[in-house]
file upload_26.txt (compact mmCIF, C-alpha atoms)
# COMPACT_ATOMS: atom_id res chain seq x y z
CA MET A 28 -33.52 -34.49 -3.75
CA ARG A 29 -36.00 -32.54 -5.75
CA GLN A 30 -34.72 -33.74 -9.13
CA ASP A 31 -35.86 -37.25 -8.36
CA GLU A 32 -39.38 -36.00 -8.77
CA ASN A 33 -38.68 -35.31 -12.42
CA ARG A 34 -38.00 -38.90 -13.30
CA GLN A 35 -41.49 -39.32 -14.65
CA ILE A 36 -40.65 -36.70 -17.30
CA LYS A 37 -38.55 -39.04 -19.42
CA ILE A 38 -35.01 -37.69 -18.86
CA SER A 39 -33.29 -39.13 -15.79
CA GLY A 40 -32.08 -36.88 -13.00
CA ALA A 41 -28.52 -38.06 -13.59
CA VAL A 42 -28.58 -36.87 -17.21
CA ILE A 43 -30.21 -33.57 -16.24
CA ASN A 44 -27.47 -33.01 -13.69
CA ARG A 45 -24.86 -33.49 -16.41
CA LEU A 46 -26.54 -31.17 -18.95
CA PRO A 47 -25.29 -27.86 -17.46
CA ARG A 48 -21.76 -29.10 -18.09
CA TYR A 49 -22.54 -29.83 -21.73
CA TYR A 50 -24.12 -26.39 -21.90
CA ARG A 51 -20.89 -24.74 -20.69
CA TYR A 52 -18.66 -26.57 -23.16
CA LEU A 53 -21.02 -25.96 -26.08
CA LYS A 54 -21.28 -22.27 -25.19
CA GLN A 55 -17.50 -22.11 -25.26
CA LEU A 56 -17.32 -23.93 -28.64
CA LEU A 57 -19.98 -21.62 -30.01
CA SER A 58 -17.97 -18.57 -28.94
CA GLU A 59 -15.03 -20.08 -30.84
CA LYS A 60 -17.27 -20.31 -33.93
CA ARG A 61 -17.14 -24.09 -34.08
CA LEU A 62 -19.88 -25.52 -36.30
CA ARG A 63 -19.52 -29.26 -35.64
CA ILE A 64 -17.88 -31.52 -33.11
CA SER A 65 -17.58 -35.31 -32.98
CA SER A 66 -18.56 -37.22 -29.85
CA LEU A 67 -14.93 -38.33 -29.66
CA GLU A 68 -13.54 -34.78 -29.58
CA LEU A 69 -16.24 -33.58 -27.17
CA ALA A 70 -15.41 -36.58 -24.97
CA ARG A 71 -11.71 -35.69 -24.92
CA LEU A 72 -12.50 -32.06 -24.13
CA MET A 73 -14.91 -32.94 -21.31
CA LYS A 74 -12.84 -35.86 -20.02
CA VAL A 75 -15.65 -38.40 -20.25
CA THR A 76 -16.13 -41.35 -22.62
CA ALA A 77 -17.60 -40.87 -26.08
CA SER A 78 -20.16 -43.57 -25.32
CA GLN A 79 -21.32 -41.61 -22.26
CA ILE A 80 -21.85 -38.58 -24.46
CA ARG A 81 -23.73 -40.52 -27.12
CA GLN A 82 -25.88 -42.12 -24.44
CA ASP A 83 -26.65 -38.81 -22.71
CA LEU A 84 -27.52 -36.97 -25.89
CA ASN A 85 -29.56 -39.85 -27.31
CA CYS A 86 -31.89 -39.43 -24.32
CA PHE A 87 -33.65 -36.63 -26.10
CA GLY A 88 -33.44 -37.80 -29.67
CA GLY A 89 -29.72 -37.39 -30.38
CA PHE A 90 -28.40 -34.61 -32.57
CA GLY A 91 -25.47 -36.36 -34.15
CA GLN A 92 -25.28 -37.47 -37.73
CA GLN A 93 -23.12 -40.55 -38.22
CA GLY A 94 -19.78 -39.36 -39.57
CA TYR A 95 -20.60 -35.65 -39.26
CA GLY A 96 -20.64 -35.23 -35.50
CA TYR A 97 -22.89 -32.85 -33.63
CA ASN A 98 -24.11 -29.50 -34.89
CA VAL A 99 -22.81 -27.26 -32.08
CA LYS A 100 -25.43 -24.51 -32.45
CA LEU A 101 -28.34 -26.96 -32.67
CA LEU A 102 -27.18 -28.96 -29.68
CA TYR A 103 -26.55 -25.82 -27.62
CA THR A 104 -30.00 -24.46 -28.46
CA LYS A 105 -31.72 -27.74 -27.65
CA ILE A 106 -29.94 -28.11 -24.30
CA SER A 107 -30.71 -24.46 -23.47
CA GLU A 108 -34.39 -25.15 -24.13
CA ILE A 109 -34.44 -28.35 -22.09
CA LEU A 110 -32.77 -26.66 -19.12
CA GLY A 111 -35.02 -23.62 -19.27
CA ALA A 112 -32.24 -21.15 -20.14
CA THR A 113 -34.50 -19.75 -22.89
CA GLU A 114 -37.37 -19.04 -20.49
CA ASP A 115 -36.07 -15.59 -19.48
CA TYR A 116 -36.43 -16.31 -15.78
CA THR A 117 -35.81 -13.44 -13.36
CA ALA A 118 -34.04 -13.61 -10.02
CA ILE A 119 -33.38 -11.67 -6.84
CA ILE A 120 -30.67 -12.25 -4.25
CA VAL A 121 -31.93 -12.28 -0.67
CA GLY A 122 -28.96 -11.56 1.58
CA ALA A 123 -26.43 -9.08 0.18
CA GLY A 124 -23.44 -10.21 2.24
CA ASN A 125 -20.16 -11.47 0.80
CA LEU A 126 -21.68 -14.45 -0.98
CA GLY A 127 -24.61 -12.42 -2.32
CA HIS A 128 -22.17 -9.83 -3.63
CA ALA A 129 -19.93 -12.49 -5.17
CA LEU A 130 -22.87 -14.03 -7.02
CA ALA A 131 -24.19 -10.66 -8.19
CA ALA A 132 -20.79 -9.60 -9.46
CA ALA A 133 -20.16 -12.77 -11.49
CA ALA A 134 -21.64 -13.57 -14.89
CA THR A 135 -23.32 -16.66 -13.38
CA PHE A 136 -26.85 -15.46 -14.06
CA LYS A 137 -26.35 -13.81 -17.43
CA ASN A 138 -24.42 -16.82 -18.77
CA ARG A 139 -27.41 -19.05 -18.01
CA GLY A 140 -30.13 -16.79 -19.40
CA VAL A 141 -31.38 -15.66 -15.98
CA ARG A 142 -31.95 -11.96 -15.38
CA LEU A 143 -30.80 -10.78 -11.96
CA LYS A 144 -32.95 -7.83 -10.92
CA ALA A 145 -32.04 -6.79 -7.39
CA LEU A 146 -30.56 -7.69 -4.02
CA PHE A 147 -32.23 -7.41 -0.60
CA ASP A 148 -30.68 -6.99 2.82
CA VAL A 149 -31.34 -5.71 6.33
CA ASN A 150 -27.99 -3.95 6.62
CA PRO A 151 -28.31 -0.13 6.19
CA ALA A 152 -24.68 -0.05 4.99
CA VAL A 153 -25.55 -1.94 1.79
CA ILE A 154 -29.15 -0.81 1.21
CA GLY A 155 -29.09 1.76 -1.61
CA THR A 156 -25.80 0.52 -3.06
CA GLU A 157 -25.40 -1.16 -6.46
CA VAL A 158 -23.59 -4.40 -7.26
CA ASN A 159 -22.69 -4.86 -10.90
CA GLY A 160 -25.55 -2.50 -11.82
CA HIS A 161 -28.07 -4.28 -9.59
CA PRO A 162 -29.71 -2.20 -6.83
CA THR A 163 -29.82 -3.34 -3.20
CA TYR A 164 -33.14 -2.75 -1.44
CA SER A 165 -34.32 -3.08 2.16
CA MET A 166 -35.72 -6.47 3.20
CA ASP A 167 -38.80 -4.55 4.37
CA THR A 168 -39.68 -3.93 0.73
CA LEU A 169 -39.18 -7.53 -0.44
CA GLU A 170 -42.84 -8.58 -0.51
CA GLU A 171 -43.97 -5.37 -2.15
CA TYR A 172 -41.23 -5.70 -4.78
CA CYS A 173 -42.26 -9.27 -5.56
CA ARG A 174 -45.91 -8.19 -5.94
CA GLU A 175 -45.05 -5.41 -8.36
CA ASN A 176 -42.33 -7.23 -10.35
CA THR A 177 -42.06 -10.67 -11.86
CA VAL A 178 -39.60 -12.67 -9.80
CA ASP A 179 -39.17 -16.36 -10.58
CA ILE A 180 -36.13 -17.25 -8.49
CA ALA A 181 -34.92 -16.20 -5.05
CA VAL A 182 -31.26 -16.81 -4.29
CA LEU A 183 -31.05 -17.35 -0.55
CA THR A 184 -27.78 -16.12 0.93
CA VAL A 185 -29.01 -14.98 4.35
CA PRO A 186 -27.36 -16.22 7.58
CA LYS A 187 -28.30 -19.75 8.72
CA LEU A 188 -30.49 -18.48 11.55
CA GLU A 189 -32.67 -16.50 9.13
CA ALA A 190 -32.98 -19.23 6.50
CA VAL A 191 -36.19 -20.99 7.54
CA LYS A 192 -37.99 -17.73 8.35
CA VAL A 193 -37.09 -16.03 5.05
CA GLY A 194 -37.89 -19.23 3.12
CA ARG A 195 -41.38 -19.32 4.67
CA LEU A 196 -41.92 -15.63 3.98
CA LEU A 197 -40.97 -16.09 0.32
CA ALA A 198 -43.25 -19.12 0.02
CA ALA A 199 -46.23 -17.48 1.75
CA ASN A 200 -46.11 -13.91 0.48
CA THR A 201 -44.56 -13.99 -3.00
CA ASN A 202 -45.07 -15.85 -6.26
CA ILE A 203 -41.53 -17.13 -6.65
CA LYS A 204 -41.20 -20.52 -8.29
CA GLY A 205 -37.77 -21.58 -7.10
CA ILE A 206 -35.17 -21.04 -4.39
CA TRP A 207 -31.41 -21.44 -4.93
CA ASN A 208 -30.51 -22.13 -1.32
CA PHE A 209 -26.95 -21.44 -0.12
CA THR A 210 -27.78 -21.38 3.59
CA GLY A 211 -27.04 -25.03 4.30
CA ILE A 212 -30.39 -25.23 6.12
CA GLU A 213 -33.32 -27.36 4.90
CA LEU A 214 -36.17 -25.05 4.00
CA ASP A 215 -39.77 -25.56 4.94
CA VAL A 216 -41.57 -24.60 1.70
CA PRO A 217 -44.45 -26.24 -0.21
CA GLU A 218 -43.74 -28.81 -2.94
CA ASN A 219 -44.74 -26.45 -5.75
CA ILE A 220 -41.64 -24.34 -5.08
CA SER A 221 -38.46 -25.86 -6.55
CA VAL A 222 -35.44 -25.84 -4.28
CA GLN A 223 -31.79 -26.42 -5.15
CA ASN A 224 -29.64 -26.72 -2.06
CA VAL A 225 -25.96 -25.85 -2.44
CA HIS A 226 -23.53 -27.38 0.02
CA LEU A 227 -20.17 -25.99 -1.03
CA GLY A 228 -18.33 -28.12 1.50
CA ASP A 229 -19.37 -31.34 -0.24
CA LYS A 230 -16.85 -30.61 -2.98
CA LEU A 231 -14.18 -29.83 -0.41
CA MET A 232 -14.67 -33.34 0.98
CA THR A 233 -14.43 -34.92 -2.46
CA LEU A 234 -11.20 -33.00 -2.91
CA CYS A 235 -9.85 -34.32 0.40
CA TYR A 236 -10.81 -37.86 -0.65
CA ASP A 237 -9.01 -37.41 -3.95
CA ILE A 238 -5.87 -36.08 -2.23
CA LYS A 239 -5.92 -38.93 0.26
CA THR A 240 -6.32 -41.69 -2.32
CA LYS A 241 -3.68 -40.17 -4.63
CA ASN A 242 -1.20 -40.12 -1.77
CA GLU A 243 -2.06 -43.70 -0.86
CA VAL A 244 -1.38 -44.76 -4.44
CA LEU A 245 1.80 -42.72 -4.72
CA GLY A 246 3.07 -43.36 -1.20
CA MET B 298 -13.55 -35.52 -14.14
CA ARG B 299 -10.82 -36.28 -11.68
CA GLN B 300 -12.94 -38.64 -9.58
CA ASP B 301 -13.09 -41.11 -12.45
CA GLU B 302 -9.46 -41.84 -11.77
CA ASN B 303 -10.39 -43.24 -8.38
CA ARG B 304 -12.50 -46.04 -9.81
CA GLN B 305 -9.62 -48.46 -9.46
CA ILE B 306 -9.76 -47.92 -5.69
CA LYS B 307 -12.87 -50.05 -5.20
CA ILE B 308 -15.48 -47.36 -4.34
CA SER B 309 -17.17 -45.84 -7.39
CA GLY B 310 -17.01 -42.12 -8.05
CA ALA B 311 -20.81 -41.91 -7.83
CA VAL B 312 -20.79 -43.30 -4.29
CA ILE B 313 -17.91 -41.05 -3.25
CA ASN B 314 -19.84 -38.04 -4.53
CA ARG B 315 -22.77 -39.02 -2.35
CA LEU B 316 -20.70 -39.60 0.83
CA PRO B 317 -20.36 -35.91 1.85
CA ARG B 318 -24.14 -35.79 2.07
CA TYR B 319 -24.21 -38.82 4.38
CA TYR B 320 -21.45 -37.13 6.38
CA ARG B 321 -23.62 -34.01 6.88
CA TYR B 322 -26.69 -35.93 8.00
CA LEU B 323 -24.71 -38.19 10.33
CA LYS B 324 -22.93 -35.18 11.85
CA GLN B 325 -26.34 -33.68 12.54
CA LEU B 326 -27.66 -36.91 14.09
CA LEU B 327 -24.53 -37.16 16.20
CA SER B 328 -25.02 -33.63 17.49
CA GLU B 329 -28.55 -34.70 18.45
CA LYS B 330 -27.01 -37.59 20.45
CA ARG B 331 -28.62 -40.26 18.27
CA LEU B 332 -26.98 -43.66 18.75
CA ARG B 333 -28.65 -45.73 16.01
CA ILE B 334 -30.69 -45.14 12.89
CA SER B 335 -32.40 -47.57 10.54
CA SER B 336 -31.80 -47.37 6.81
CA LEU B 337 -35.51 -46.62 6.47
CA GLU B 338 -35.42 -43.58 8.76
CA LEU B 339 -32.17 -42.32 7.24
CA ALA B 340 -33.77 -42.74 3.82
CA ARG B 341 -36.81 -40.69 4.82
CA LEU B 342 -34.56 -37.99 6.29
CA MET B 343 -32.31 -37.80 3.21
CA LYS B 344 -35.15 -38.25 0.71
CA VAL B 345 -33.58 -41.24 -1.03
CA THR B 346 -34.61 -44.91 -1.04
CA ALA B 347 -33.57 -47.26 1.76
CA SER B 348 -32.15 -49.65 -0.82
CA GLN B 349 -29.92 -46.87 -2.20
CA ILE B 350 -28.57 -46.29 1.31
CA ARG B 351 -27.96 -49.98 1.95
CA GLN B 352 -26.26 -50.29 -1.43
CA ASP B 353 -24.04 -47.24 -0.86
CA LEU B 354 -22.98 -48.23 2.63
CA ASN B 355 -22.42 -51.87 1.70
CA CYS B 356 -19.70 -50.68 -0.69
CA PHE B 357 -17.27 -50.48 2.17
CA GLY B 358 -18.39 -53.37 4.29
CA GLY B 359 -21.72 -52.11 5.60
CA PHE B 360 -22.18 -51.01 9.19
CA GLY B 361 -25.76 -52.06 9.72
CA GLN B 362 -26.86 -54.91 11.90
CA GLN B 363 -30.08 -56.53 10.71
CA GLY B 364 -32.86 -55.24 12.95
CA TYR B 365 -30.64 -52.79 14.85
CA GLY B 366 -29.92 -50.22 12.15
CA TYR B 367 -26.68 -48.29 11.81
CA ASN B 368 -24.44 -47.20 14.65
CA VAL B 369 -24.38 -43.44 13.99
CA LYS B 370 -21.00 -42.76 15.59
CA LEU B 371 -19.31 -45.71 13.88
CA LEU B 372 -20.74 -44.84 10.46
CA TYR B 373 -19.82 -41.16 10.86
CA THR B 374 -16.26 -42.05 11.87
CA LYS B 375 -15.84 -44.49 8.99
CA ILE B 376 -17.15 -42.03 6.39
CA SER B 377 -14.93 -39.29 7.86
CA GLU B 378 -11.92 -41.58 7.43
CA ILE B 379 -12.83 -42.58 3.88
CA LEU B 380 -13.31 -38.96 2.84
CA GLY B 381 -10.11 -37.80 4.47
CA ALA B 382 -11.81 -35.57 7.04
CA THR B 383 -9.59 -37.13 9.73
CA GLU B 384 -6.36 -36.26 7.89
CA ASP B 385 -6.08 -32.77 9.39
CA TYR B 386 -5.52 -31.15 5.99
CA THR B 387 -4.66 -27.46 5.94
CA ALA B 388 -5.88 -24.85 3.46
CA ILE B 389 -5.29 -21.31 2.26
CA ILE B 390 -7.64 -19.10 0.25
CA VAL B 391 -6.00 -17.43 -2.73
CA GLY B 392 -8.12 -14.41 -3.63
CA ALA B 393 -9.67 -12.58 -0.69
CA GLY B 394 -12.55 -10.95 -2.57
CA ASN B 395 -16.23 -11.43 -1.75
CA LEU B 396 -16.23 -15.17 -2.40
CA GLY B 397 -12.96 -15.72 -0.52
CA HIS B 398 -14.38 -13.78 2.42
CA ALA B 399 -17.66 -15.69 2.33
CA LEU B 400 -15.81 -19.03 2.41
CA ALA B 401 -13.47 -17.90 5.19
CA ALA B 402 -16.35 -16.62 7.31
CA ALA B 403 -18.42 -19.82 7.04
CA ALA B 404 -17.85 -23.01 9.01
CA THR B 405 -17.30 -24.90 5.74
CA PHE B 406 -13.70 -25.84 6.51
CA LYS B 407 -14.00 -26.55 10.21
CA ASN B 408 -17.09 -28.71 9.70
CA ARG B 409 -15.11 -30.94 7.33
CA GLY B 410 -11.96 -31.27 9.42
CA VAL B 411 -9.91 -28.89 7.25
CA ARG B 412 -7.87 -26.17 8.97
CA LEU B 413 -8.01 -22.84 7.15
CA LYS B 414 -4.77 -20.98 7.85
CA ALA B 415 -4.71 -17.75 5.85
CA LEU B 416 -5.94 -15.76 2.87
CA PHE B 417 -3.85 -14.12 0.15
CA ASP B 418 -4.64 -11.15 -2.08
CA VAL B 419 -3.03 -8.37 -4.12
CA ASN B 420 -5.40 -5.70 -2.81
CA PRO B 421 -3.68 -3.44 -0.19
CA ALA B 422 -7.13 -2.70 1.30
CA VAL B 423 -7.52 -6.31 2.52
CA ILE B 424 -3.87 -7.26 3.18
CA GLY B 425 -3.32 -7.18 6.94
CA THR B 426 -7.00 -7.64 7.78
CA GLU B 427 -8.50 -10.71 9.46
CA VAL B 428 -11.49 -12.77 8.37
CA ASN B 429 -13.00 -14.95 11.08
CA GLY B 430 -9.62 -14.98 12.82
CA HIS B 431 -7.67 -15.83 9.64
CA PRO B 432 -5.00 -13.33 8.52
CA THR B 433 -4.83 -11.95 4.99
CA TYR B 434 -1.33 -11.75 3.50
CA SER B 435 0.09 -10.25 0.32
CA MET B 436 0.22 -12.48 -2.76
CA ASP B 437 3.93 -11.65 -2.92
CA THR B 438 4.47 -13.76 0.18
CA LEU B 439 2.47 -16.79 -1.04
CA GLU B 440 5.40 -18.96 -2.11
CA GLU B 441 7.43 -18.18 0.98
CA TYR B 442 4.44 -18.94 3.19
CA CYS B 443 3.91 -22.29 1.48
CA ARG B 444 7.59 -23.17 1.93
CA GLU B 445 7.54 -22.40 5.65
CA ASN B 446 4.11 -23.83 6.47
CA THR B 447 2.31 -27.03 5.60
CA VAL B 448 -0.41 -26.21 3.10
CA ASP B 449 -2.34 -29.09 1.52
CA ILE B 450 -5.16 -27.26 -0.23
CA ALA B 451 -5.38 -23.96 -2.10
CA VAL B 452 -8.85 -22.53 -2.56
CA LEU B 453 -8.73 -20.54 -5.78
CA THR B 454 -11.04 -17.53 -5.74
CA VAL B 455 -9.00 -15.13 -7.88
CA PRO B 456 -10.54 -13.39 -10.94
CA LYS B 457 -10.88 -15.51 -14.12
CA LEU B 458 -8.00 -13.75 -15.84
CA GLU B 459 -5.59 -14.68 -13.07
CA ALA B 460 -6.72 -18.29 -12.69
CA VAL B 461 -4.33 -20.12 -15.03
CA LYS B 462 -1.32 -18.06 -13.93
CA VAL B 463 -1.94 -18.54 -10.21
CA GLY B 464 -2.70 -22.23 -10.76
CA ARG B 465 0.65 -22.69 -12.49
CA LEU B 466 2.48 -20.77 -9.77
CA LEU B 467 0.93 -22.96 -7.08
CA ALA B 468 1.81 -26.11 -9.01
CA ALA B 469 5.38 -25.06 -9.76
CA ASN B 470 6.46 -23.32 -6.58
CA THR B 471 4.54 -24.90 -3.71
CA ASN B 472 3.84 -28.38 -2.35
CA ILE B 473 0.06 -28.13 -2.35
CA LYS B 474 -1.76 -31.36 -3.08
CA GLY B 475 -5.12 -30.05 -4.18
CA ILE B 476 -6.93 -27.03 -5.60
CA TRP B 477 -10.57 -26.19 -4.91
CA ASN B 478 -11.17 -24.12 -8.00
CA PHE B 479 -13.98 -21.54 -8.03
CA THR B 480 -12.68 -19.55 -11.02
CA GLY B 481 -14.67 -21.39 -13.70
CA ILE B 482 -11.44 -21.70 -15.70
CA GLU B 483 -9.77 -25.05 -16.46
CA LEU B 484 -6.39 -25.09 -14.73
CA ASP B 485 -3.16 -26.26 -16.27
CA VAL B 486 -1.60 -28.26 -13.43
CA PRO B 487 0.12 -31.66 -13.32
CA GLU B 488 -1.89 -34.83 -12.64
CA ASN B 489 -0.47 -35.29 -9.15
CA ILE B 490 -2.39 -32.23 -7.96
CA SER B 491 -6.07 -32.96 -7.30
CA VAL B 492 -8.51 -30.40 -8.65
CA GLN B 493 -12.18 -29.92 -7.82
CA ASN B 494 -13.83 -27.42 -10.11
CA VAL B 495 -16.90 -25.64 -8.78
CA HIS B 496 -19.37 -24.25 -11.28
CA LEU B 497 -22.05 -22.65 -9.15
CA GLY B 498 -24.19 -21.86 -12.17
CA ASP B 499 -24.74 -25.56 -12.92
CA LYS B 500 -27.13 -25.77 -9.98
CA LEU B 501 -28.90 -22.62 -11.14
CA MET B 502 -29.61 -24.41 -14.44
CA THR B 503 -30.90 -27.51 -12.68
CA LEU B 504 -33.20 -25.20 -10.71
CA CYS B 505 -34.46 -23.58 -13.93
CA TYR B 506 -35.10 -27.04 -15.39
CA ASP B 507 -37.03 -28.05 -12.29
CA ILE B 508 -39.15 -24.87 -12.39
CA LYS B 509 -39.87 -25.35 -16.08
CA THR B 510 -40.91 -29.00 -15.79
CA LYS B 511 -43.04 -28.33 -12.71
CA ASN B 512 -44.90 -25.61 -14.56
CA GLU B 513 -45.37 -27.87 -17.58
CA VAL B 514 -46.90 -30.51 -15.32
CA LEU B 515 -49.07 -28.02 -13.43
CA GLY B 516 -50.04 -25.88 -16.40

call {"tool": "encode", "arguments": {"input": "upload_26.txt", "output": "C-alpha cells"}}
result
Amino acid sequence: MRQDENRQIKISGAVINRLPRYYRYLKQLLSEKRLRISSLELARLMKVTASQIRQDLNCFGGFGQQGYGYNVKLLYTKISEILGATEDYTAIIVGAGNLGHALAAAATFKNRGVRLKALFDVNPAVIGTEVNGHPTYSMDTLEEYCRENTVDIAVLTVPKLEAVKVGRLLAANTNIKGIWNFTGIELDVPENISVQNVHLGDKLMTLCYDIKTKNEVLG
Amino acid sequence: MRQDENRQIKISGAVINRLPRYYRYLKQLLSEKRLRISSLELARLMKVTASQIRQDLNCFGGFGQQGYGYNVKLLYTKISEILGATEDYTAIIVGAGNLGHALAAAATFKNRGVRLKALFDVNPAVIGTEVNGHPTYSMDTLEEYCRENTVDIAVLTVPKLEAVKVGRLLAANTNIKGIWNFTGIELDVPENISVQNVHLGDKLMTLCYDIKTKNEVLG
C-alpha cells in the first residue's frame, strides 16, 4: 500500500487513514456553527473511544485545551491542511461511464477541496455532453488537455481491459501526480505517481462478515 | 464503527478489514492454478511485510506449514468462510441511478459470492429495463418483493435526501440483514441490521495527502 511509504513523515498511515473521517464530522459541525467540541462528545458522535480521538489528534500537536474541548474551526483547518484539501488540486475523470458520471455528479470533489475540470471518454455518445457542469472530451485529446491545463489527479474509471494501458499513457505523457484507481487492476506506473486503489467489493465482504457473525450470536 | 462490535468474536476488526484483500489475491492465485505460496512471496505481491501476513493468518489457526508455505486453495476457502462469501447471500440495489448501474454492471457481487437479484427505482425511464441481466422494478413494489423473495442485503444508492427514509422503510418493512450504504448519510436503523457506510471521498483525501507529502519530500 502506498501509504506505508509515508511512515517516515511522522504521522502513521493508520492515523492518516482515519483523518478523512474526522474531516467529514468537523465539516458537518462547522456547518452547524459549532465552536467547540469535547473529545467525549466527538467520540460519541463518531462511535469511537475518546482516548482514540485524543491519541489521534495528539499525533500532530493536539488542539484540545483541557476542560475546553477542541476548537472546531481550528481543528478542521489543521486537518484540511494536513490532508492537502487546501492545496487546490485539480482532477479529471478518465472513463465517463456510469461510475465516472456518478462521481462527477456528486459533491465528492468539491467537498474535499478538489476541483474537477473535465471527463474523457472514447464513446461518441457522451463526448460533448456535460455532467454537473463538467465537459466530456474525447480520449484523443487527453494528452493535449493535460499539457495545456494543470491536472494533478486522474480518476481512472475505464474498463478493466483498458486500465494498464491508460495508466501507462497518463504516467508517460502527462504531468499528473496521482491516480484514484477504480478499475480493480494494479497499475504499472512509476513510484513518483501516487495511487489510491479502490476495491468497492472489500466493504461488501466486511458487511457479509458482520451479517454472518451477528446471526451466529443471535441464532 | 460497526466492526468494533465484532471484537468479542476473537478476530480483531483490523484483521477482518484486511481479509477481503487477502481474498482478492488468493482468488487471483487460484485462477492462475497456484497450489502453494510462501508468506514471503505473498508479502511481496501484496506489498506488506511477511510478519504481518503470518500474524494475520495465525489469528484463525494459521494455514502455513513451515517450509511449505500456504495451501492457496485451503486458505482461500477458509477466508471465504470467515467472511461469509460461502453463505450465498442475496442482494438488491435500491436506487438505479449511475452508481446503482455501475455496481450492477460490475462483477463486484459475483466475485464475492453474493447474488444480485434486482434493482429498484422511482424513475419510469429505468423501471422495466435490465442491467447485466438484473431487472429494475418500481420502488412501489420493494416491500412486496422483499416479502416474497429472500433478500439479505440492500445496497443503498438513492439520493442523499431519500437515504434516511428508505433506510427506515427497509428496516421496518423488510427482513434485510444488512445495508451497504453509499448515500453518505448516517442511517437510522436498529442494531440488528448491519450497516457498512462507504465514503468514496475518504480515499480521495488520502490520495491528496500522499501527493502533498511526496512533493514535500521531492521538492

call {"tool": "residues_around", "arguments": {"input": "upload_26.txt", "residues": "region 117-126 of chain A", "least_positions_apart": "2", "cutoff": "8 Å", "atoms": "all atoms listed in the file", "output": "number ranges by chain"}}
result
A: 115, 128-131, 141-149, 153, 163, 166, 177-186; B: 395-396, 398-399

call {"tool": "interface_residues", "arguments": {"input": "upload_26.txt", "of": "chain B", "to": "chain A", "cutoff": "6 Å", "atoms": "only C-alpha atoms", "output": "VMD selection string"}}
result
chain B and resid 298 317 380 to 381 395 to 396 399 405 491 493 498 to 499 504 to 506 508

call {"tool": "atom_distance", "arguments": {"input": "upload_26.txt", "atom1": "CA of Leu466 (chain B)", "atom2": "CA of Pro421 (chain B)"}}
result
20.7 Å

call {"tool": "axis_aligned_box", "arguments": {"input": "upload_26.txt", "around": "region 205-218 of chain A", "padding_each_side": "6 Å", "output": "JSON"}}
result
{"center_x": -35.7, "center_y": -24.9, "center_z": -0.5, "size_x": 29.5, "size_y": 19.8, "size_z": 25.2}

call {"tool": "residues_around", "arguments": {"input": "upload_26.txt", "residues": "Asp485 (chain B)", "least_positions_apart": "2", "cutoff": "7 Å", "atoms": "all atoms listed in the file", "output": "PyMOL selection string"}}
result
chain B and resi 461+464-465+483+487

call {"tool": "residues_around", "arguments": {"input": "upload_26.txt", "residues": "Thr201 (chain A)", "least_positions_apart": "4", "cutoff": "9 Å", "atoms": "only C-alpha atoms", "output": "list in words"}}
result
Leu169, Glu170, Glu171, Cys173, Arg174, Val178, Leu196 and Leu197 of chain A

call {"tool": "atom_distance", "arguments": {"input": "upload_26.txt", "atom1": "CA of Leu62 (chain A)", "atom2": "CA of Tyr49 (chain A)"}}
result
15.4 Å

call {"tool": "closest_residue", "arguments": {"input": "upload_26.txt", "among": "B:Asp437, B:Glu445, B:Glu513, B:Asp353", "to": "Val463 (chain B)", "atoms": "only C-alpha atoms"}}
result
B:Asp437

call {"tool": "atom_distance", "arguments": {"input": "upload_26.txt", "atom1": "CA of Ser348 (chain B)", "atom2": "CA of Ser336 (chain B)"}}
result
8.0 Å
